[in-house]
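Asker: structure11.txt is the file, holding compact mmCIF, C-alpha atoms and all ligand atoms:
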# COMPACT_ATOMS: atom_id res chain seq x y z
CA MET A 1 0.00 0.00 0.00
CA PRO A 2 1.53 3.28 -1.10
CA GLY A 3 -0.06 6.60 -0.12
CA ASP A 4 -0.33 7.81 -3.69
CA PRO A 5 -2.73 5.90 -5.99
CA LEU A 6 -0.46 6.52 -8.99
CA ARG A 7 2.25 4.67 -7.14
CA ALA A 8 -0.15 1.74 -6.80
CA LYS A 9 -0.55 1.83 -10.59
CA PHE A 10 3.23 1.98 -11.01
CA ILE A 11 3.78 -1.04 -8.72
CA ALA A 12 1.12 -3.11 -10.51
CA GLU A 13 2.37 -2.25 -14.00
CA ARG A 14 6.05 -2.61 -13.16
CA PHE A 15 6.01 -5.77 -11.05
CA PHE A 16 2.75 -7.73 -11.44
CA ASP A 17 2.11 -10.46 -13.97
CA GLU A 18 -1.26 -9.69 -15.56
CA PRO A 19 -2.23 -6.71 -13.38
CA ARG A 20 -5.98 -6.07 -13.23
CA LEU A 21 -7.52 -2.80 -12.06
CA VAL A 22 -10.14 -3.77 -9.47
CA THR A 23 -11.14 -0.40 -8.02
CA SER A 24 -10.89 3.28 -8.80
CA VAL A 25 -13.50 4.57 -6.35
CA ARG A 26 -12.46 8.13 -5.35
CA ASN A 27 -9.52 7.60 -7.72
CA MET A 28 -7.92 5.35 -5.10
CA LEU A 29 -6.53 2.84 -7.57
CA GLY A 30 -6.34 -0.83 -6.60
CA TYR A 31 -4.90 -3.68 -8.66
CA THR A 32 -4.58 -7.38 -8.25
CA GLY A 33 -2.26 -9.81 -9.99
CA THR A 34 0.50 -12.28 -9.30
CA VAL A 35 4.18 -11.96 -8.50
CA ARG A 36 6.25 -15.15 -8.94
CA GLY A 37 3.00 -17.11 -8.91
CA ARG A 38 1.71 -15.58 -5.66
CA ARG A 39 -1.52 -13.58 -5.57
CA VAL A 40 -0.78 -9.97 -4.59
CA SER A 41 -2.80 -6.77 -4.62
CA VAL A 42 -1.83 -3.13 -4.35
CA LEU A 43 -4.13 -0.32 -3.20
CA GLY A 44 -3.34 3.30 -2.42
CA HIS A 45 -4.08 4.38 1.15
CA GLY A 46 -4.18 8.16 0.92
CA MET A 47 -2.80 10.53 3.51
CA GLY A 48 -3.14 10.26 7.25
CA ILE A 49 -4.38 7.73 9.78
CA PRO A 50 -8.14 8.08 9.06
CA SER A 51 -7.57 7.35 5.37
CA ILE A 52 -5.24 4.35 5.80
CA SER A 53 -7.49 2.99 8.55
CA ILE A 54 -10.49 2.81 6.23
CA TYR A 55 -8.63 1.15 3.35
CA ALA A 56 -6.71 -1.27 5.57
CA THR A 57 -9.85 -2.26 7.47
CA GLU A 58 -11.81 -2.88 4.28
CA LEU A 59 -9.00 -4.99 2.80
CA VAL A 60 -8.94 -7.19 5.89
CA LYS A 61 -12.67 -7.33 6.64
CA PHE A 62 -14.17 -7.55 3.19
CA TYR A 63 -11.36 -8.96 1.02
CA ASN A 64 -9.66 -11.26 3.54
CA ALA A 65 -6.21 -9.66 3.16
CA ARG A 66 -3.95 -11.17 5.82
CA THR A 67 -0.73 -9.21 5.18
CA LEU A 68 -0.60 -5.43 4.74
CA ILE A 69 2.60 -3.60 3.87
CA ARG A 70 2.84 0.17 3.65
CA VAL A 71 5.55 1.58 1.38
CA GLY A 72 5.99 5.27 2.02
CA SER A 73 8.22 8.17 2.82
CA CYS A 74 9.17 9.88 6.05
CA GLY A 75 11.04 12.85 7.45
CA ALA A 76 14.14 11.86 9.46
CA LEU A 77 14.79 13.25 12.92
CA ARG A 78 18.18 11.79 13.73
CA ALA A 79 21.55 13.04 12.54
CA ASP A 80 22.69 9.50 11.69
CA LEU A 81 20.03 9.16 8.98
CA ARG A 82 20.33 10.45 5.43
CA VAL A 83 17.81 10.95 2.64
CA ARG A 84 17.32 7.68 0.69
CA ASP A 85 17.85 5.55 3.81
CA VAL A 86 15.23 2.82 4.23
CA ILE A 87 13.56 2.31 7.60
CA VAL A 88 11.83 -0.89 8.69
CA ALA A 89 9.31 0.53 11.17
CA HIS A 90 8.98 -2.11 13.88
CA ALA A 91 6.80 0.17 16.05
CA ALA A 92 5.06 3.53 15.88
CA GLY A 93 3.97 6.12 18.39
CA THR A 94 1.45 8.77 17.48
CA ASP A 95 -0.25 12.00 18.48
CA SER A 96 -3.48 10.55 17.06
CA ASN A 97 -6.11 9.20 19.45
CA VAL A 98 -7.11 6.17 17.38
CA ASN A 99 -5.18 3.52 19.28
CA ARG A 100 -6.25 4.90 22.64
CA ALA A 101 -9.83 4.86 21.39
CA ARG A 102 -9.29 1.16 20.65
CA CYS A 103 -7.85 0.51 24.09
CA LEU A 104 -10.27 2.17 26.56
CA GLY A 105 -8.11 5.30 26.80
CA PHE A 106 -4.78 3.53 27.33
CA ASP A 107 -1.82 3.05 24.98
CA LEU A 108 -2.05 0.16 22.55
CA PRO A 109 1.41 -1.01 21.40
CA ALA A 110 1.42 -0.27 17.66
CA VAL A 111 3.88 -2.85 16.38
CA ALA A 112 4.81 -4.57 13.16
CA ASP A 113 4.50 -8.31 12.65
CA PHE A 114 7.79 -9.90 13.67
CA SER A 115 7.94 -12.40 10.79
CA LEU A 116 7.57 -9.52 8.31
CA VAL A 117 10.24 -7.46 10.08
CA ARG A 118 12.59 -10.44 9.97
CA ALA A 119 11.80 -11.14 6.32
CA ALA A 120 12.37 -7.49 5.39
CA VAL A 121 15.73 -7.43 7.15
CA ASP A 122 16.79 -10.74 5.59
CA ARG A 123 15.64 -9.87 2.07
CA ALA A 124 17.23 -6.43 2.25
CA ALA A 125 20.54 -7.97 3.33
CA ALA A 126 20.35 -10.47 0.46
CA SER A 127 19.85 -7.59 -2.00
CA ASP A 128 22.54 -5.38 -0.42
CA ILE A 129 19.98 -2.75 0.61
CA PRO A 130 20.99 -1.24 3.96
CA VAL A 131 18.01 -0.78 6.28
CA ARG A 132 17.49 0.69 9.74
CA VAL A 133 15.05 -1.05 12.06
CA GLY A 134 13.47 1.32 14.53
CA THR A 135 10.53 3.31 15.79
CA VAL A 136 8.69 6.06 13.94
CA TRP A 137 6.14 8.70 14.88
CA SER A 138 2.83 9.00 13.06
CA SER A 139 1.73 12.61 13.18
CA ASP A 140 -1.70 13.97 12.35
CA LEU A 141 -0.15 17.27 11.25
CA PHE A 142 2.15 17.52 8.24
CA TYR A 143 2.44 21.29 8.67
CA ALA A 144 3.08 21.11 12.39
CA PRO A 145 3.59 24.27 14.46
CA PRO A 146 7.07 24.60 16.00
CA SER A 147 7.25 22.47 19.13
CA ALA A 148 9.70 20.75 21.43
CA LEU A 149 8.15 17.41 20.53
CA PHE A 150 10.62 16.53 17.77
CA ASP A 151 13.58 17.10 20.15
CA ARG A 152 11.93 14.88 22.71
CA LEU A 153 11.13 12.16 20.18
CA GLU A 154 14.68 12.21 18.89
CA SER A 155 16.07 11.85 22.39
CA LEU A 156 13.71 8.91 22.91
CA GLY A 157 15.24 7.18 19.88
CA VAL A 158 12.47 7.79 17.36
CA LEU A 159 13.99 7.73 13.88
CA ALA A 160 11.49 9.60 11.74
CA VAL A 161 8.07 11.17 11.34
CA GLU A 162 5.33 10.13 8.90
CA MET A 163 1.52 10.03 9.01
CA GLU A 164 0.06 6.51 8.83
CA VAL A 165 2.01 3.64 10.43
CA ALA A 166 0.45 3.73 13.93
CA GLY A 167 -3.00 3.58 12.31
CA LEU A 168 -2.04 0.62 10.12
CA TYR A 169 -0.60 -1.31 13.06
CA GLY A 170 -3.71 -0.53 15.12
CA VAL A 171 -5.96 -1.95 12.39
CA ALA A 172 -3.73 -5.04 12.14
CA ALA A 173 -3.97 -5.57 15.91
CA GLU A 174 -7.72 -5.14 15.82
CA TYR A 175 -8.27 -7.73 13.08
CA GLY A 176 -5.37 -10.13 13.70
CA ALA A 177 -3.64 -9.31 10.40
CA ARG A 178 0.10 -8.99 9.77
CA ALA A 179 1.42 -5.51 9.00
CA LEU A 180 4.70 -3.81 8.20
CA ALA A 181 5.84 -0.41 6.97
CA LEU A 182 8.92 0.26 4.87
CA LEU A 183 9.79 3.94 4.64
CA THR A 184 12.30 5.84 2.55
CA VAL A 185 13.70 8.99 4.12
CA SER A 186 12.53 11.65 1.66
CA ASP A 187 13.29 14.67 3.84
CA HIS A 188 15.57 15.40 6.76
CA LEU A 189 13.77 17.52 9.33
CA ARG A 190 17.05 18.81 10.83
CA THR A 191 19.24 19.41 7.80
CA GLU A 192 16.33 20.21 5.44
CA GLU A 193 17.93 17.95 2.85
CA SER A 194 15.28 16.42 0.57
CA LEU A 195 15.06 14.06 -2.39
CA SER A 196 14.23 15.36 -5.85
CA SER A 197 11.18 13.81 -7.49
CA ALA A 198 13.41 11.70 -9.78
CA GLU A 199 15.36 10.40 -6.76
CA ARG A 200 12.10 9.66 -4.97
CA GLU A 201 11.00 7.48 -7.87
CA THR A 202 14.20 5.44 -8.02
CA SER A 203 14.34 4.83 -4.30
CA PHE A 204 10.60 4.08 -4.26
CA GLU A 205 11.08 1.39 -6.90
CA ALA A 206 13.78 -0.39 -4.86
CA MET A 207 11.63 -0.25 -1.73
CA ALA A 208 8.51 -1.51 -3.56
CA LYS A 209 10.55 -4.44 -4.87
CA LEU A 210 11.67 -5.25 -1.33
CA ALA A 211 8.07 -4.98 -0.07
CA LEU A 212 6.86 -7.42 -2.74
CA SER A 213 9.54 -9.94 -1.85
CA VAL A 214 8.35 -9.70 1.79
CA ALA A 215 4.65 -9.85 0.79
CA THR A 216 5.17 -13.13 -1.01
CA ILE A 217 6.80 -15.03 1.89
CA ASP A 218 4.70 -17.80 3.41
CA GLU A 219 2.55 -16.94 6.39
CA ALA A 220 4.24 -18.14 9.61
N1 LIG B 1 6.21 14.67 8.12
C1 LIG B 1 5.20 13.82 7.93
N2 LIG B 1 5.15 12.97 6.94
C2 LIG B 1 6.18 12.95 6.07
C3 LIG B 1 7.25 13.80 6.21
C4 LIG B 1 7.27 14.68 7.29
O1 LIG B 1 8.19 15.46 7.48
N3 LIG B 1 8.11 13.56 5.17
C5 LIG B 1 7.55 12.56 4.44
N4 LIG B 1 6.38 12.21 4.98
Will you turn the file into structure tokens for me?

Answerer:
Amino acid sequence: MPGDPLRAKFIAERFFDEPRLVTSVRNMLGYTGTVRGRRVSVLGHGMGIPSISIYATELVKFYNARTLIRVGSCGALRADLRVRDVIVAHAAGTDSNVNRARCLGFDLPAVADFSLVRAAVDRAAASDIPVRVGTVWSSDLFYAPPSALFDRLESLGVLAVEMEVAGLYGVAAEYGARALALLTVSDHLRTEESLSSAERETSFEAMAKLALSVATIDEA
């Protein structure tokens, strides 16, 4: 699941055998097909936790999807990250209330499926793609007002900020599905370095390929 529906189209056309468009409701393109003989689908998820929560829930509840993988971008917080780095998000915190709403007002651990984390790390190593495994922060605000929060998150070891992972992991917990997010650092929130759109496309393609190799592993 990429955020952008045109990236869903790109993934289907670039990597699927016999891709078939199965939905374009609200222009949120979804395709199904096979990759190395395994049935795989790709659907955009839009921006933010409410949007990904709806699409992820419907995939699991109505289409019996068991494994959901987000491929997206993020803004790095830490000095030891660079644009183009790939993060395997094994857990996500958030300023959204969705996971507390699920958990009677308390914190629900928003975590990735371990077998998918392990597969992503192993497949990345086999393809010589360096990855960082760590925590991310899913923010409701892209244009956030200046705050001390980013300093605090960085000192607590959070690698990067994005807008959907905690919602995806909450949906997965709710329905017993497996979920993972792979994120390319597209911007650095400290240095203000950012990828050009051409660079975003190349690094997105490598990450999408990694995600598909993880999506087609056998369920543990
Ligand atoms: N904030 C939130 N989401 C993002 C960012 C960011 O800085 N960069 C890429 N996705």

Asker: List the neighbours of stretch 20-27 of chain A out to 10 Å using all atoms listed in the file; skip same-chain residues closer than 6 positions along the sequence, and give me the result as a list in words.

Answerer: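 My reading of the contact set: Pro5, Leu6, Lys9, Ala12, Glu13, Gly33, Thr34, Ser41, Val42, Leu43 and Gly44 of chain A.
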
Asker: Which residues are near ligand LIG 1 (chain B) in this structure, taking near to mean any atom at most 10 Å from a ligand atom and counting only C-alpha atoms and all ligand atoms? Format them as a PyMOL selection string.

Answerer: chain A and resi 3+47-48+72-77+137-144+160-164+183-189+192+194

Asker: Kindly indicate which residue among A:Arg132, A:Met1, A:Ser213, A:Gly93 lies nearest to A:Val35, using only C-alpha atoms for the distances.

Answerer: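 Of all the options, A:Ser213 lies closest to A:Val35.
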
Asker: With distances taken over all atoms listed in the file, which residue among A:Leu168, A:Ala148, A:Ile87, A:Val60 lies nearest A:Val121?

Answerer: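 For A:Val121, the nearest of the given residues is A:Ile87.
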
Asker: In Å, with one decimal, what is the gap from atom CA of A:Pro130 to atom CA of A:Arg70?

Answerer: 18.2 Å

Asker: Could you jot down the atom CA of A:Tyr63 to atom CA of A:Thr135 separation for me, Å, one decimal place?

Answerer: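 Interatomic distance, atom CA of A:Tyr63 to atom CA of A:Thr135: 29.1 Å.
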
Asker: Would you mind telling me which residue in A:Glu58, A:Asp95, A:Gly30, A:Gly176 lies nearest to A:Leu149 when using only C-alpha atoms?

Answerer: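 Closest candidate: A:Asp95.
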
Asker: Taking all atoms listed in the file into account, name the residue in A:Arg38, A:Gly170, A:Glu205, A:Ser147 that is nearest to A:Arg7.

Answerer: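 Among the listed residues, A:Glu205 lies closest to A:Arg7.
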
Asker: To one decimal place in Å, what is the distance between atom CA of A:Pro146 and atom CA of A:Pro50?

Answerer: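 Spanning atom CA of A:Pro146 to atom CA of A:Pro50 is a straight-line distance of 23.5 Å.
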
Asker: Calculated over all atoms listed in the file, which of the candidates A:Pro19, A:Asp107, A:His45, A:Glu154 has the smallest distance to A:Thr57?

Answerer: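 Ranked by minimum distance to A:Thr57, first place goes to A:His45.
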
Asker: Would you mind telling me which residue in A:Ala92, A:Val133, A:Leu81, A:Ala181 lies nearest to A:Leu210 when using only C-alpha atoms?

Answerer: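 The answer is A:Ala181, which sits nearest to A:Leu210.
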
Asker: Please provide the set of residues having any atom within 10 Å of A:Arg102, restricted to all atoms listed in the file, with same-chain residues fewer than 4 positions apart removed, written as a VMD selection string.

Answerer: chain A and resid 97 to 98 106 to 108 170 to 171 173 to 174

Asker: For C-alpha atoms, I'd like the residues from the last selection saved as a compact mmCIF listing (two decimals), in the coordinates of the input.

Answerer:
# COMPACT_ATOMS: atom_id res chain seq x y z
CA ASN A 97 -6.11 9.20 19.45
CA VAL A 98 -7.11 6.17 17.38
CA PHE A 106 -4.78 3.53 27.33
CA ASP A 107 -1.82 3.05 24.98
CA LEU A 108 -2.05 0.16 22.55
CA GLY A 170 -3.71 -0.53 15.12
CA VAL A 171 -5.96 -1.95 12.39
CA ALA A 173 -3.97 -5.57 15.91
CA GLU A 174 -7.72 -5.14 15.82

Asker: For A:Gly157, work out the shell of residues within 9 Å, counting all atoms listed in the file and skipping chain neighbours fewer than 6 positions away, then give it as an mmCIF file with C-alpha atoms, in the coordinates of the input.

Answerer:
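Generated file (result_3.cif):
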data_model
loop_
_atom_site.group_PDB
_atom_site.id
_atom_site.type_symbol
_atom_site.label_atom_id
_atom_site.label_comp_id
_atom_site.auth_asym_id
_atom_site.auth_seq_id
_atom_site.Cartn_x
_atom_site.Cartn_y
_atom_site.Cartn_z
ATOM 1 C CA ARG A 78 18.180 11.790 13.730
ATOM 2 C CA GLY A 134 13.470 1.320 14.530
ATOM 3 C CA THR A 135 10.530 3.310 15.790
ATOM 4 C CA VAL A 136 8.690 6.060 13.940
#

Asker: Residues within 10 Å of A:Ile129, please, as a list in words. Count all atoms listed in the file; anything in the same chain fewer than 5 positions from it doesn't count.

Answerer: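 So, after excluding close chain neighbours, the residues are Asp85, Val86, Val121, Asp122, Arg123, Ala124, Ala206, Met207 and Leu210 of chain A.
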
Asker: Output, as AutoDock Vina command-line options, the centre and edge lengths in Å (one decimal) of the axis-aligned box that contains all listed atoms of stretch 90-93 of chain A with 6 Å of margin on each side.

Answerer:
--center_x 6.5 --center_y 2.0 --center_z 16.1 --size_x 17.0 --size_y 20.2 --size_z 16.5
